[in-house]
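Report on one structure; see the data block that follows.
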Amino acid sequence: MFQLRATTMEPVTERTTGPIVAAAATISIALVSYCFYYNKSETKTTNSRKNKTSKPKPSKKGLVDAIGNTPLIRINSLSDATGCEILGKCEFLNPGGSVKDRVAVKIIEEALESGKLSHGGVVTEGSAGSTAISLATVAPSYGCKCHVVIPDDAAIEKSQILEALGATVERVRPVSITHRDHYVNIARRRAIEANEFASKHRKADCLDGKEPAQINDYGPDETKQSSIFSSYCTGGFFADQFENLANFRAHYDGTGPEIWEQTGDRLDAFVAAAGTGGTVAGVSRFLQEKNRNIKCFLVDPPGSSLFNKVTRGVMYTKEEAEGKRLKNPFDTITEGIGINRLTQNFMMAKLDGAFRGTDREAVEMSRSVSNALSFHVVVGWWHQGWFLLKNDGLFLGSSSAMNCVGAVRVAQLLGPGHTIVTILCDNGMRHLSKFYDAQYLFQYGLTPTATGLEFLDIK
């Protein structure tokens, strides 16, 4: 570490006295002062000329350079209601529309640097939507294509966005992660198939004459070659967002430091939900390494096992213990959060506690029926009055709404006067057919009825 050391100077003994010496001293001081101010003036003038003539250089990375450094805003309605400063990191302002843009860039760049992916290759991923959209958004910047396997119960607009971005999309039925045809496992196989395809048809283009026989330590199987890959495909790479620690590093190197810089020493707590676990792990670990007094929390949707793991040290839910486990991975209308296994990314988290959120809390957080006008029509129910949208102009996705529920819970735990940060992952445009569809909510008994924050015990 650079240290500025103080130095002492020995006093100079004057051997000559008189007016000549005094005059000489006066002239010397004048000359030094003139030189100092002249140089200072020249420096200012030169810098001024440089500032006027120099032009900002255009980004060489294009779209990629617009990712990150998102604003941290005060969520006024929640802050005023709790007496805390509740701040939201506006990740929905990234080019691809979500926090997953950071992860997509990190995964692709690390894969290219390691040689596991090359220009012209295809990145495959199993995703409920946001990571896939981010990969499809940034992959062309690196000369790559994107193939996505998505559960067919995800909001249809996510598939439509992916196709519009040029990705190939497979919609498959939701099954357990242990099943061969879970969407993540299919995505892994597609990368292997792309690798086999490139190996057979473009051996001459393989780096160093070596055939890419493995993808993320999984060798090729005997499945038939897929017809979904271009003849120019140079191989496949499975992004593996759940287990690839590039996910964690994207937030440890980016999101966490940004929050630290934006809040300084005023931060008391951070809270977020987890799907892959990358965001909550990267941010929590960075912040607690900076200041151990910063409390970090998880907010978990219904059916997910992470709440129990954090609070009790075991991975089960009450439903599982009673043998009421459903076929779906977890029972929630929120998307992209909640999981029933420990991922490599989540295991990097440093958490002080967890809260259980509910679907109703997330729905009510996103909208309210204050000054309600409700009526039944053929297409469903329509509600006027949206809490965060009405009070803050925030049109947020389901995971963002759950994060805001968590932020209020933390505020209630810590009491007034604290600064709390959460992540505003994406906006509501990707959730219109489910989370923002009145008829869909009515079907599950989730029609919003709150006029304020009474669903979180705030009058």
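Chain labels follow the order of the structure tokens: the first chain is A, the next B, and so on; residue numbering restarts at 1 in every chain, and ligands are counted from 1 in their shown order.
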
**Study point:** Non-local contacts of segment 170-177 of chain A (10 Å; only C-alpha atoms; under 6 positions in same chain excluded) as a count of residues only
**Key:** 21

**Study point:** Leu453 of chain A environment, 10 Å, only C-alpha atoms, sequence neighbours closer than 3 positions dropped, as a PyMOL selection string
**Key:** chain A and resi 77-78+81+361+364-365+368+387+405+408+450+456-459

Would you mind exporting the chosen residues as a compact mmCIF listing (two decimals), in the first residue's frame, restricted to all heavy atoms?
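Below you can see selection-v1.txt, which holds the result:
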# COMPACT_ATOMS: atom_id res chain seq x y z
N SER A 77 -42.48 5.04 -1.75
CA SER A 77 -43.65 4.55 -1.01
C SER A 77 -43.24 3.62 0.12
O SER A 77 -43.76 3.73 1.24
CB SER A 77 -44.62 3.84 -1.96
OG SER A 77 -44.01 2.70 -2.54
N LEU A 78 -42.32 2.72 -0.14
CA LEU A 78 -41.88 1.76 0.88
C LEU A 78 -41.01 2.44 1.93
O LEU A 78 -41.09 2.10 3.12
CB LEU A 78 -41.13 0.60 0.23
CG LEU A 78 -41.88 -0.19 -0.85
CD1 LEU A 78 -41.05 -1.37 -1.32
CD2 LEU A 78 -43.23 -0.65 -0.32
N ALA A 81 -43.27 4.46 4.21
CA ALA A 81 -44.13 3.61 5.04
C ALA A 81 -43.37 2.94 6.18
O ALA A 81 -43.94 2.67 7.24
CB ALA A 81 -44.80 2.54 4.18
N GLU A 361 -48.49 -11.77 -1.30
CA GLU A 361 -47.71 -10.59 -0.96
C GLU A 361 -47.05 -9.98 -2.19
O GLU A 361 -47.00 -8.76 -2.35
CB GLU A 361 -46.65 -10.96 0.09
CG GLU A 361 -47.23 -11.24 1.47
CD GLU A 361 -46.22 -11.83 2.42
OE1 GLU A 361 -45.15 -12.30 1.95
OE2 GLU A 361 -46.49 -11.86 3.63
N GLU A 364 -49.88 -8.35 -4.32
CA GLU A 364 -50.35 -7.11 -3.70
C GLU A 364 -49.28 -6.02 -3.75
O GLU A 364 -49.61 -4.84 -3.90
CB GLU A 364 -50.74 -7.38 -2.23
CG GLU A 364 -51.91 -8.34 -2.05
CD GLU A 364 -53.26 -7.73 -2.39
OE1 GLU A 364 -53.31 -6.65 -2.99
OE2 GLU A 364 -54.29 -8.36 -2.05
N MET A 365 -48.03 -6.42 -3.63
CA MET A 365 -46.94 -5.44 -3.71
C MET A 365 -46.92 -4.77 -5.08
O MET A 365 -46.68 -3.57 -5.19
CB MET A 365 -45.60 -6.12 -3.44
CG MET A 365 -44.39 -5.20 -3.56
SD MET A 365 -44.40 -3.82 -2.41
CE MET A 365 -44.05 -4.64 -0.87
N SER A 368 -52.42 -2.64 -6.17
CA SER A 368 -53.38 -2.51 -5.08
C SER A 368 -54.71 -2.09 -5.68
O SER A 368 -54.77 -1.54 -6.76
CB SER A 368 -52.89 -1.46 -4.07
OG SER A 368 -53.92 -1.12 -3.17
N PHE A 387 -49.94 -0.72 -6.61
CA PHE A 387 -49.22 -0.06 -5.52
C PHE A 387 -47.91 0.56 -5.97
O PHE A 387 -47.72 1.77 -5.89
CB PHE A 387 -48.98 -1.04 -4.36
CG PHE A 387 -48.43 -0.34 -3.15
CD1 PHE A 387 -49.29 0.31 -2.28
CD2 PHE A 387 -47.08 -0.28 -2.91
CE1 PHE A 387 -48.80 1.00 -1.18
CE2 PHE A 387 -46.57 0.41 -1.83
CZ PHE A 387 -47.44 1.04 -0.96
N VAL A 405 -41.05 -7.13 -1.21
CA VAL A 405 -41.65 -7.72 0.00
C VAL A 405 -40.54 -8.00 1.02
O VAL A 405 -40.67 -7.68 2.21
CB VAL A 405 -42.41 -9.02 -0.34
CG1 VAL A 405 -42.80 -9.77 0.94
CG2 VAL A 405 -43.64 -8.72 -1.17
N VAL A 408 -39.27 -4.81 2.76
CA VAL A 408 -40.16 -4.34 3.84
C VAL A 408 -39.99 -5.21 5.08
O VAL A 408 -39.96 -4.69 6.21
CB VAL A 408 -41.62 -4.33 3.37
CG1 VAL A 408 -42.57 -4.04 4.53
CG2 VAL A 408 -41.81 -3.31 2.26
N ALA A 450 -55.89 -5.46 -1.50
CA ALA A 450 -55.32 -4.51 -0.54
C ALA A 450 -55.47 -3.07 -1.04
O ALA A 450 -55.46 -2.81 -2.24
CB ALA A 450 -53.85 -4.81 -0.30
N LEU A 456 -48.74 -6.59 4.63
CA LEU A 456 -47.45 -6.74 5.32
C LEU A 456 -47.53 -6.11 6.73
O LEU A 456 -46.52 -5.75 7.31
CB LEU A 456 -46.33 -6.06 4.52
CG LEU A 456 -45.98 -6.73 3.18
CD1 LEU A 456 -44.94 -5.92 2.42
CD2 LEU A 456 -45.49 -8.16 3.41
N ASP A 457 -48.75 -6.03 7.24
CA ASP A 457 -48.99 -5.52 8.61
C ASP A 457 -48.59 -4.07 8.78
O ASP A 457 -48.18 -3.66 9.87
CB ASP A 457 -48.27 -6.40 9.64
CG ASP A 457 -48.68 -7.87 9.54
OD1 ASP A 457 -49.87 -8.12 9.37
OD2 ASP A 457 -47.78 -8.75 9.61
N ILE A 458 -48.69 -3.30 7.71
CA ILE A 458 -48.43 -1.86 7.79
C ILE A 458 -49.72 -1.13 7.49
O ILE A 458 -50.28 -1.28 6.40
CB ILE A 458 -47.32 -1.42 6.80
CG1 ILE A 458 -45.99 -2.09 7.15
CG2 ILE A 458 -47.17 0.09 6.78
CD1 ILE A 458 -44.87 -1.77 6.18
N LYS A 459 -50.20 -0.37 8.45
CA LYS A 459 -51.48 0.32 8.29
C LYS A 459 -51.27 1.69 7.65
O LYS A 459 -50.28 2.35 7.85
CB LYS A 459 -52.15 0.48 9.65
CG LYS A 459 -52.40 -0.86 10.35
CD LYS A 459 -53.29 -1.77 9.51
CE LYS A 459 -53.57 -3.08 10.25
NZ LYS A 459 -54.40 -3.99 9.45

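Checking A:Gly336, A:Gly120, A:Pro448, A:Gly282 one by one against Arg360 of chain A, counting only C-alpha atoms, you find the shortest gap at A:Pro448.
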
Which neighbours of segment 101-112 of chain A fall inside 9 Å, counting only C-alpha atoms, when residues of the same chain fewer than 3 positions from it are skipped, and could you give them as a PDB file with N, CA, C and O atoms, in the first residue's frame?
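The resulting result_18.pdb:
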ATOM      1  N   VAL A  64     -22.455  -4.354 -25.190  1.00  0.00           N
ATOM      2  CA  VAL A  64     -21.960  -4.930 -23.944  1.00  0.00           C
ATOM      3  C   VAL A  64     -21.535  -3.852 -22.953  1.00  0.00           C
ATOM      4  O   VAL A  64     -21.722  -3.992 -21.738  1.00  0.00           O
ATOM      5  N   ILE A  67     -24.030  -2.479 -20.323  1.00  0.00           N
ATOM      6  CA  ILE A  67     -24.518  -3.350 -19.250  1.00  0.00           C
ATOM      7  C   ILE A  67     -23.838  -2.988 -17.936  1.00  0.00           C
ATOM      8  O   ILE A  67     -22.629  -2.793 -17.873  1.00  0.00           O
ATOM      9  N   GLY A  68     -24.640  -2.926 -16.877  1.00  0.00           N
ATOM     10  CA  GLY A  68     -24.111  -2.604 -15.557  1.00  0.00           C
ATOM     11  C   GLY A  68     -24.156  -1.120 -15.262  1.00  0.00           C
ATOM     12  O   GLY A  68     -24.659  -0.315 -16.051  1.00  0.00           O
ATOM     13  N   GLU A  91     -31.975  -2.926 -12.290  1.00  0.00           N
ATOM     14  CA  GLU A  91     -31.386  -3.840 -13.271  1.00  0.00           C
ATOM     15  C   GLU A  91     -32.242  -3.994 -14.519  1.00  0.00           C
ATOM     16  O   GLU A  91     -31.752  -4.467 -15.550  1.00  0.00           O
ATOM     17  N   ASN A  94     -30.871  -2.513 -17.881  1.00  0.00           N
ATOM     18  CA  ASN A  94     -29.844  -3.106 -18.733  1.00  0.00           C
ATOM     19  C   ASN A  94     -30.413  -3.332 -20.142  1.00  0.00           C
ATOM     20  O   ASN A  94     -31.636  -3.442 -20.311  1.00  0.00           O
ATOM     21  N   PRO A  95     -29.564  -3.392 -21.172  1.00  0.00           N
ATOM     22  CA  PRO A  95     -30.059  -3.515 -22.556  1.00  0.00           C
ATOM     23  C   PRO A  95     -31.001  -4.684 -22.780  1.00  0.00           C
ATOM     24  O   PRO A  95     -31.975  -4.568 -23.521  1.00  0.00           O
ATOM     25  N   GLY A  96     -30.693  -5.820 -22.137  1.00  0.00           N
ATOM     26  CA  GLY A  96     -31.551  -6.992 -22.283  1.00  0.00           C
ATOM     27  C   GLY A  96     -32.721  -6.993 -21.330  1.00  0.00           C
ATOM     28  O   GLY A  96     -33.517  -7.941 -21.314  1.00  0.00           O
ATOM     29  N   GLY A  97     -32.834  -5.954 -20.512  1.00  0.00           N
ATOM     30  CA  GLY A  97     -34.002  -5.778 -19.663  1.00  0.00           C
ATOM     31  C   GLY A  97     -33.965  -6.456 -18.317  1.00  0.00           C
ATOM     32  O   GLY A  97     -34.984  -6.465 -17.615  1.00  0.00           O
ATOM     33  N   SER A  98     -32.817  -7.030 -17.913  1.00  0.00           N
ATOM     34  CA  SER A  98     -32.797  -7.681 -16.600  1.00  0.00           C
ATOM     35  C   SER A  98     -31.390  -7.780 -16.037  1.00  0.00           C
ATOM     36  O   SER A  98     -30.392  -7.537 -16.720  1.00  0.00           O
ATOM     37  N   GLY A 115     -11.511 -21.029 -24.234  1.00  0.00           N
ATOM     38  CA  GLY A 115     -11.516 -21.841 -25.441  1.00  0.00           C
ATOM     39  C   GLY A 115     -12.672 -22.824 -25.510  1.00  0.00           C
ATOM     40  O   GLY A 115     -12.764 -23.610 -26.458  1.00  0.00           O
ATOM     41  N   LYS A 116     -13.563 -22.800 -24.516  1.00  0.00           N
ATOM     42  CA  LYS A 116     -14.707 -23.707 -24.528  1.00  0.00           C
ATOM     43  C   LYS A 116     -15.781 -23.250 -25.513  1.00  0.00           C
ATOM     44  O   LYS A 116     -16.670 -24.013 -25.862  1.00  0.00           O
ATOM     45  N   LEU A 117     -15.702 -21.998 -25.919  1.00  0.00           N
ATOM     46  CA  LEU A 117     -16.619 -21.436 -26.903  1.00  0.00           C
ATOM     47  C   LEU A 117     -15.801 -20.656 -27.911  1.00  0.00           C
ATOM     48  O   LEU A 117     -14.801 -20.029 -27.548  1.00  0.00           O
ATOM     49  N   SER A 118     -16.206 -20.711 -29.157  1.00  0.00           N
ATOM     50  CA  SER A 118     -15.487 -19.964 -30.193  1.00  0.00           C
ATOM     51  C   SER A 118     -16.473 -19.181 -31.053  1.00  0.00           C
ATOM     52  O   SER A 118     -17.691 -19.420 -31.017  1.00  0.00           O
ATOM     53  N   HIS A 119     -15.942 -18.237 -31.804  1.00  0.00           N
ATOM     54  CA  HIS A 119     -16.756 -17.437 -32.710  1.00  0.00           C
ATOM     55  C   HIS A 119     -17.515 -18.370 -33.645  1.00  0.00           C
ATOM     56  O   HIS A 119     -16.939 -19.271 -34.255  1.00  0.00           O
ATOM     57  N   VAL A 123     -24.483 -21.016 -27.898  1.00  0.00           N
ATOM     58  CA  VAL A 123     -24.610 -21.093 -26.448  1.00  0.00           C
ATOM     59  C   VAL A 123     -25.982 -21.666 -26.137  1.00  0.00           C
ATOM     60  O   VAL A 123     -27.006 -21.150 -26.606  1.00  0.00           O
ATOM     61  N   SER A 130     -35.380 -15.061 -18.216  1.00  0.00           N
ATOM     62  CA  SER A 130     -34.536 -13.870 -18.213  1.00  0.00           C
ATOM     63  C   SER A 130     -33.100 -14.146 -18.630  1.00  0.00           C
ATOM     64  O   SER A 130     -32.527 -13.395 -19.425  1.00  0.00           O
ATOM     65  N   THR A 131     -32.481 -15.208 -18.101  1.00  0.00           N
ATOM     66  CA  THR A 131     -31.106 -15.521 -18.502  1.00  0.00           C
ATOM     67  C   THR A 131     -31.045 -15.823 -19.991  1.00  0.00           C
ATOM     68  O   THR A 131     -30.122 -15.402 -20.692  1.00  0.00           O
ATOM     69  N   ALA A 132     -32.028 -16.562 -20.468  1.00  0.00           N
ATOM     70  CA  ALA A 132     -32.076 -16.895 -21.886  1.00  0.00           C
ATOM     71  C   ALA A 132     -32.175 -15.642 -22.743  1.00  0.00           C
ATOM     72  O   ALA A 132     -31.473 -15.502 -23.753  1.00  0.00           O
ATOM     73  N   ILE A 133     -33.030 -14.711 -22.347  1.00  0.00           N
ATOM     74  CA  ILE A 133     -33.184 -13.466 -23.103  1.00  0.00           C
ATOM     75  C   ILE A 133     -31.879 -12.684 -23.102  1.00  0.00           C
ATOM     76  O   ILE A 133     -31.471 -12.120 -24.124  1.00  0.00           O
ATOM     77  N   SER A 134     -31.196 -12.656 -21.971  1.00  0.00           N
ATOM     78  CA  SER A 134     -29.921 -11.943 -21.893  1.00  0.00           C
ATOM     79  C   SER A 134     -28.861 -12.608 -22.766  1.00  0.00           C
ATOM     80  O   SER A 134     -28.095 -11.922 -23.457  1.00  0.00           O
ATOM     81  N   LEU A 135     -28.805 -13.929 -22.754  1.00  0.00           N
ATOM     82  CA  LEU A 135     -27.849 -14.637 -23.620  1.00  0.00           C
ATOM     83  C   LEU A 135     -28.151 -14.364 -25.088  1.00  0.00           C
ATOM     84  O   LEU A 135     -27.237 -14.113 -25.886  1.00  0.00           O
ATOM     85  N   ALA A 136     -29.423 -14.399 -25.449  1.00  0.00           N
ATOM     86  CA  ALA A 136     -29.809 -14.136 -26.837  1.00  0.00           C
ATOM     87  C   ALA A 136     -29.502 -12.689 -27.229  1.00  0.00           C
ATOM     88  O   ALA A 136     -29.206 -12.404 -28.391  1.00  0.00           O
ATOM     89  N   THR A 137     -29.550 -11.782 -26.246  1.00  0.00           N
ATOM     90  CA  THR A 137     -29.274 -10.375 -26.515  1.00  0.00           C
ATOM     91  C   THR A 137     -27.795 -10.127 -26.772  1.00  0.00           C
ATOM     92  O   THR A 137     -27.423  -9.417 -27.710  1.00  0.00           O
ATOM     93  N   VAL A 138     -26.933 -10.710 -25.937  1.00  0.00           N
ATOM     94  CA  VAL A 138     -25.503 -10.381 -26.020  1.00  0.00           C
ATOM     95  C   VAL A 138     -24.696 -11.336 -26.897  1.00  0.00           C
ATOM     96  O   VAL A 138     -23.612 -10.975 -27.373  1.00  0.00           O
ATOM     97  N   ALA A 139     -25.191 -12.548 -27.133  1.00  0.00           N
ATOM     98  CA  ALA A 139     -24.425 -13.525 -27.911  1.00  0.00           C
ATOM     99  C   ALA A 139     -23.984 -13.000 -29.279  1.00  0.00           C
ATOM    100  O   ALA A 139     -22.832 -13.210 -29.689  1.00  0.00           O
ATOM    101  N   TYR A 142     -20.674 -11.300 -29.675  1.00  0.00           N
ATOM    102  CA  TYR A 142     -19.477 -12.147 -29.651  1.00  0.00           C
ATOM    103  C   TYR A 142     -19.454 -13.111 -30.838  1.00  0.00           C
ATOM    104  O   TYR A 142     -18.654 -14.045 -30.869  1.00  0.00           O
ATOM    105  N   PHE A 237     -21.699 -24.700 -26.387  1.00  0.00           N
ATOM    106  CA  PHE A 237     -21.276 -24.475 -25.008  1.00  0.00           C
ATOM    107  C   PHE A 237     -22.516 -24.337 -24.138  1.00  0.00           C
ATOM    108  O   PHE A 237     -23.392 -23.509 -24.414  1.00  0.00           O
ATOM    109  N   ALA A 239     -24.244 -23.017 -21.066  1.00  0.00           N
ATOM    110  CA  ALA A 239     -23.980 -21.899 -20.155  1.00  0.00           C
ATOM    111  C   ALA A 239     -24.034 -22.326 -18.689  1.00  0.00           C
ATOM    112  O   ALA A 239     -23.269 -21.827 -17.864  1.00  0.00           O
ATOM    113  N   ASP A 240     -24.955 -23.221 -18.351  1.00  0.00           N
ATOM    114  CA  ASP A 240     -25.012 -23.814 -17.001  1.00  0.00           C
ATOM    115  C   ASP A 240     -25.106 -22.743 -15.915  1.00  0.00           C
ATOM    116  O   ASP A 240     -24.328 -22.732 -14.956  1.00  0.00           O
ATOM    117  N   GLN A 241     -26.082 -21.862 -16.033  1.00  0.00           N
ATOM    118  CA  GLN A 241     -26.180 -20.723 -15.122  1.00  0.00           C
ATOM    119  C   GLN A 241     -26.317 -21.121 -13.652  1.00  0.00           C
ATOM    120  O   GLN A 241     -25.901 -20.373 -12.761  1.00  0.00           O
ATOM    121  N   ASN A 244     -22.436 -22.742 -12.945  1.00  0.00           N
ATOM    122  CA  ASN A 244     -21.284 -22.005 -13.458  1.00  0.00           C
ATOM    123  C   ASN A 244     -21.006 -20.802 -12.554  1.00  0.00           C
ATOM    124  O   ASN A 244     -21.810 -19.886 -12.463  1.00  0.00           O
ATOM    125  N   LEU A 245     -19.853 -20.786 -11.908  1.00  0.00           N
ATOM    126  CA  LEU A 245     -19.536 -19.718 -10.957  1.00  0.00           C
ATOM    127  C   LEU A 245     -19.237 -18.378 -11.630  1.00  0.00           C
ATOM    128  O   LEU A 245     -19.029 -17.382 -10.931  1.00  0.00           O
ATOM    129  N   ALA A 246     -19.244 -18.339 -12.942  1.00  0.00           N
ATOM    130  CA  ALA A 246     -19.183 -17.045 -13.630  1.00  0.00           C
ATOM    131  C   ALA A 246     -20.395 -16.209 -13.237  1.00  0.00           C
ATOM    132  O   ALA A 246     -20.322 -14.978 -13.192  1.00  0.00           O
ATOM    133  N   ASN A 247     -21.501 -16.875 -12.937  1.00  0.00           N
ATOM    134  CA  ASN A 247     -22.714 -16.218 -12.461  1.00  0.00           C
ATOM    135  C   ASN A 247     -22.414 -15.461 -11.159  1.00  0.00           C
ATOM    136  O   ASN A 247     -22.679 -14.263 -11.046  1.00  0.00           O
ATOM    137  N   PHE A 248     -21.860 -16.152 -10.198  1.00  0.00           N
ATOM    138  CA  PHE A 248     -21.467 -15.525  -8.923  1.00  0.00           C
ATOM    139  C   PHE A 248     -20.481 -14.388  -9.150  1.00  0.00           C
ATOM    140  O   PHE A 248     -20.624 -13.296  -8.587  1.00  0.00           O
ATOM    141  N   ARG A 249     -19.488 -14.636  -9.993  1.00  0.00           N
ATOM    142  CA  ARG A 249     -18.446 -13.627 -10.215  1.00  0.00           C
ATOM    143  C   ARG A 249     -18.996 -12.360 -10.875  1.00  0.00           C
ATOM    144  O   ARG A 249     -18.502 -11.255 -10.630  1.00  0.00           O
ATOM    145  N   ALA A 250     -20.018 -12.510 -11.705  1.00  0.00           N
ATOM    146  CA  ALA A 250     -20.617 -11.330 -12.340  1.00  0.00           C
ATOM    147  C   ALA A 250     -21.121 -10.344 -11.296  1.00  0.00           C
ATOM    148  O   ALA A 250     -21.010  -9.123 -11.470  1.00  0.00           O
ATOM    149  N   HIS A 251     -21.644 -10.853 -10.204  1.00  0.00           N
ATOM    150  CA  HIS A 251     -22.187  -9.988  -9.157  1.00  0.00           C
ATOM    151  C   HIS A 251     -21.150  -9.624  -8.102  1.00  0.00           C
ATOM    152  O   HIS A 251     -21.198  -8.526  -7.542  1.00  0.00           O
ATOM    153  N   GLY A 254     -19.200  -7.047 -10.084  1.00  0.00           N
ATOM    154  CA  GLY A 254     -19.942  -5.932 -10.661  1.00  0.00           C
ATOM    155  C   GLY A 254     -21.017  -5.349  -9.771  1.00  0.00           C
ATOM    156  O   GLY A 254     -20.895  -4.236  -9.267  1.00  0.00           O
ATOM    157  N   THR A 255     -22.083  -6.098  -9.557  1.00  0.00           N
ATOM    158  CA  THR A 255     -23.238  -5.574  -8.819  1.00  0.00           C
ATOM    159  C   THR A 255     -22.884  -5.177  -7.396  1.00  0.00           C
ATOM    160  O   THR A 255     -23.271  -4.097  -6.921  1.00  0.00           O
ATOM    161  N   GLY A 278     -26.855 -16.762  -7.889  1.00  0.00           N
ATOM    162  CA  GLY A 278     -25.698 -15.957  -8.248  1.00  0.00           C
ATOM    163  C   GLY A 278     -25.747 -14.535  -7.712  1.00  0.00           C
ATOM    164  O   GLY A 278     -24.758 -14.020  -7.190  1.00  0.00           O
TER     165      GLY A 278
END

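Nearest residue to Leu446 of chain A among A:Glu163, A:Asp359, A:Asp426, A:Asp268 is A:Asp359, counting only C-alpha atoms.
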
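Between atom CA of Gly303 of chain A and atom CA of Thr332 of chain A the separation is 7.1 Å.
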
Practice item. Could you pull out the residues in segment 95-335 of chain A that DSSP calls strand (DSSP E) from the backbone, as a PyMOL selection string? Key: chain A and resi 122-126+145-151+168-172+236-238+269-272+295-300

Please save C-alpha atoms of the selected residues as an mmCIF file, in the first residue's frame.
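Writing the result to selection.cif gives the following:
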data_model
loop_
_atom_site.group_PDB
_atom_site.id
_atom_site.type_symbol
_atom_site.label_atom_id
_atom_site.label_comp_id
_atom_site.auth_asym_id
_atom_site.auth_seq_id
_atom_site.Cartn_x
_atom_site.Cartn_y
_atom_site.Cartn_z
ATOM 1 C CA VAL A 122 -23.932 -21.796 -30.116
ATOM 2 C CA VAL A 123 -24.610 -21.093 -26.448
ATOM 3 C CA THR A 124 -27.302 -23.338 -24.987
ATOM 4 C CA GLU A 125 -29.199 -22.800 -21.765
ATOM 5 C CA GLY A 126 -32.174 -24.086 -19.832
ATOM 6 C CA LYS A 145 -25.878 -17.974 -31.596
ATOM 7 C CA CYS A 146 -28.222 -18.994 -28.792
ATOM 8 C CA HIS A 147 -30.426 -22.051 -28.273
ATOM 9 C CA VAL A 148 -32.836 -22.032 -25.332
ATOM 10 C CA VAL A 149 -34.853 -24.762 -23.650
ATOM 11 C CA ILE A 150 -37.684 -23.260 -21.617
ATOM 12 C CA PRO A 151 -40.461 -24.843 -19.512
ATOM 13 C CA THR A 168 -33.998 -21.053 -31.340
ATOM 14 C CA VAL A 169 -36.468 -22.051 -28.639
ATOM 15 C CA GLU A 170 -37.666 -25.409 -27.302
ATOM 16 C CA ARG A 171 -40.617 -25.425 -24.925
ATOM 17 C CA VAL A 172 -40.773 -28.564 -22.792
ATOM 18 C CA GLY A 236 -21.674 -25.757 -28.540
ATOM 19 C CA PHE A 237 -21.276 -24.475 -25.008
ATOM 20 C CA PHE A 238 -23.712 -25.118 -22.177
ATOM 21 C CA ALA A 269 -28.797 -4.489 4.792
ATOM 22 C CA PHE A 270 -29.256 -6.263 1.469
ATOM 23 C CA VAL A 271 -32.065 -8.650 0.565
ATOM 24 C CA ALA A 272 -32.979 -10.630 -2.558
ATOM 25 C CA LYS A 295 -26.801 -7.800 7.141
ATOM 26 C CA CYS A 296 -27.737 -9.929 4.127
ATOM 27 C CA PHE A 297 -31.026 -11.782 3.805
ATOM 28 C CA LEU A 298 -32.871 -14.139 1.484
ATOM 29 C CA VAL A 299 -36.564 -13.845 0.613
ATOM 30 C CA ASP A 300 -37.922 -17.151 -0.680
#

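Considering only C-alpha atoms, the residue among A:Pro257, A:Gly393, A:Gly338, A:Pro301 positioned nearest to Arg356 of chain A is A:Pro301.
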
Practice item. Using only C-alpha atoms, find the one residue out of A:Thr343, A:Asn76, A:Asn291, A:Ser141 that sits nearest to Leu63 of chain A. Key: A:Ser141

**Study point:** Every residue of segment 238-412 of chain A that DSSP places in helix (DSSP H, G or I), as a VMD selection string
**Key:** chain A and resid 246 to 266 278 to 290 306 to 312 318 to 321 346 to 348 359 to 366 387 to 392 398 to 412

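Using only C-alpha atoms, the nearest neighbour of Leu414 of chain A within the list A:His201, A:Ile294, A:Leu306, A:Trp260 is A:Ile294.
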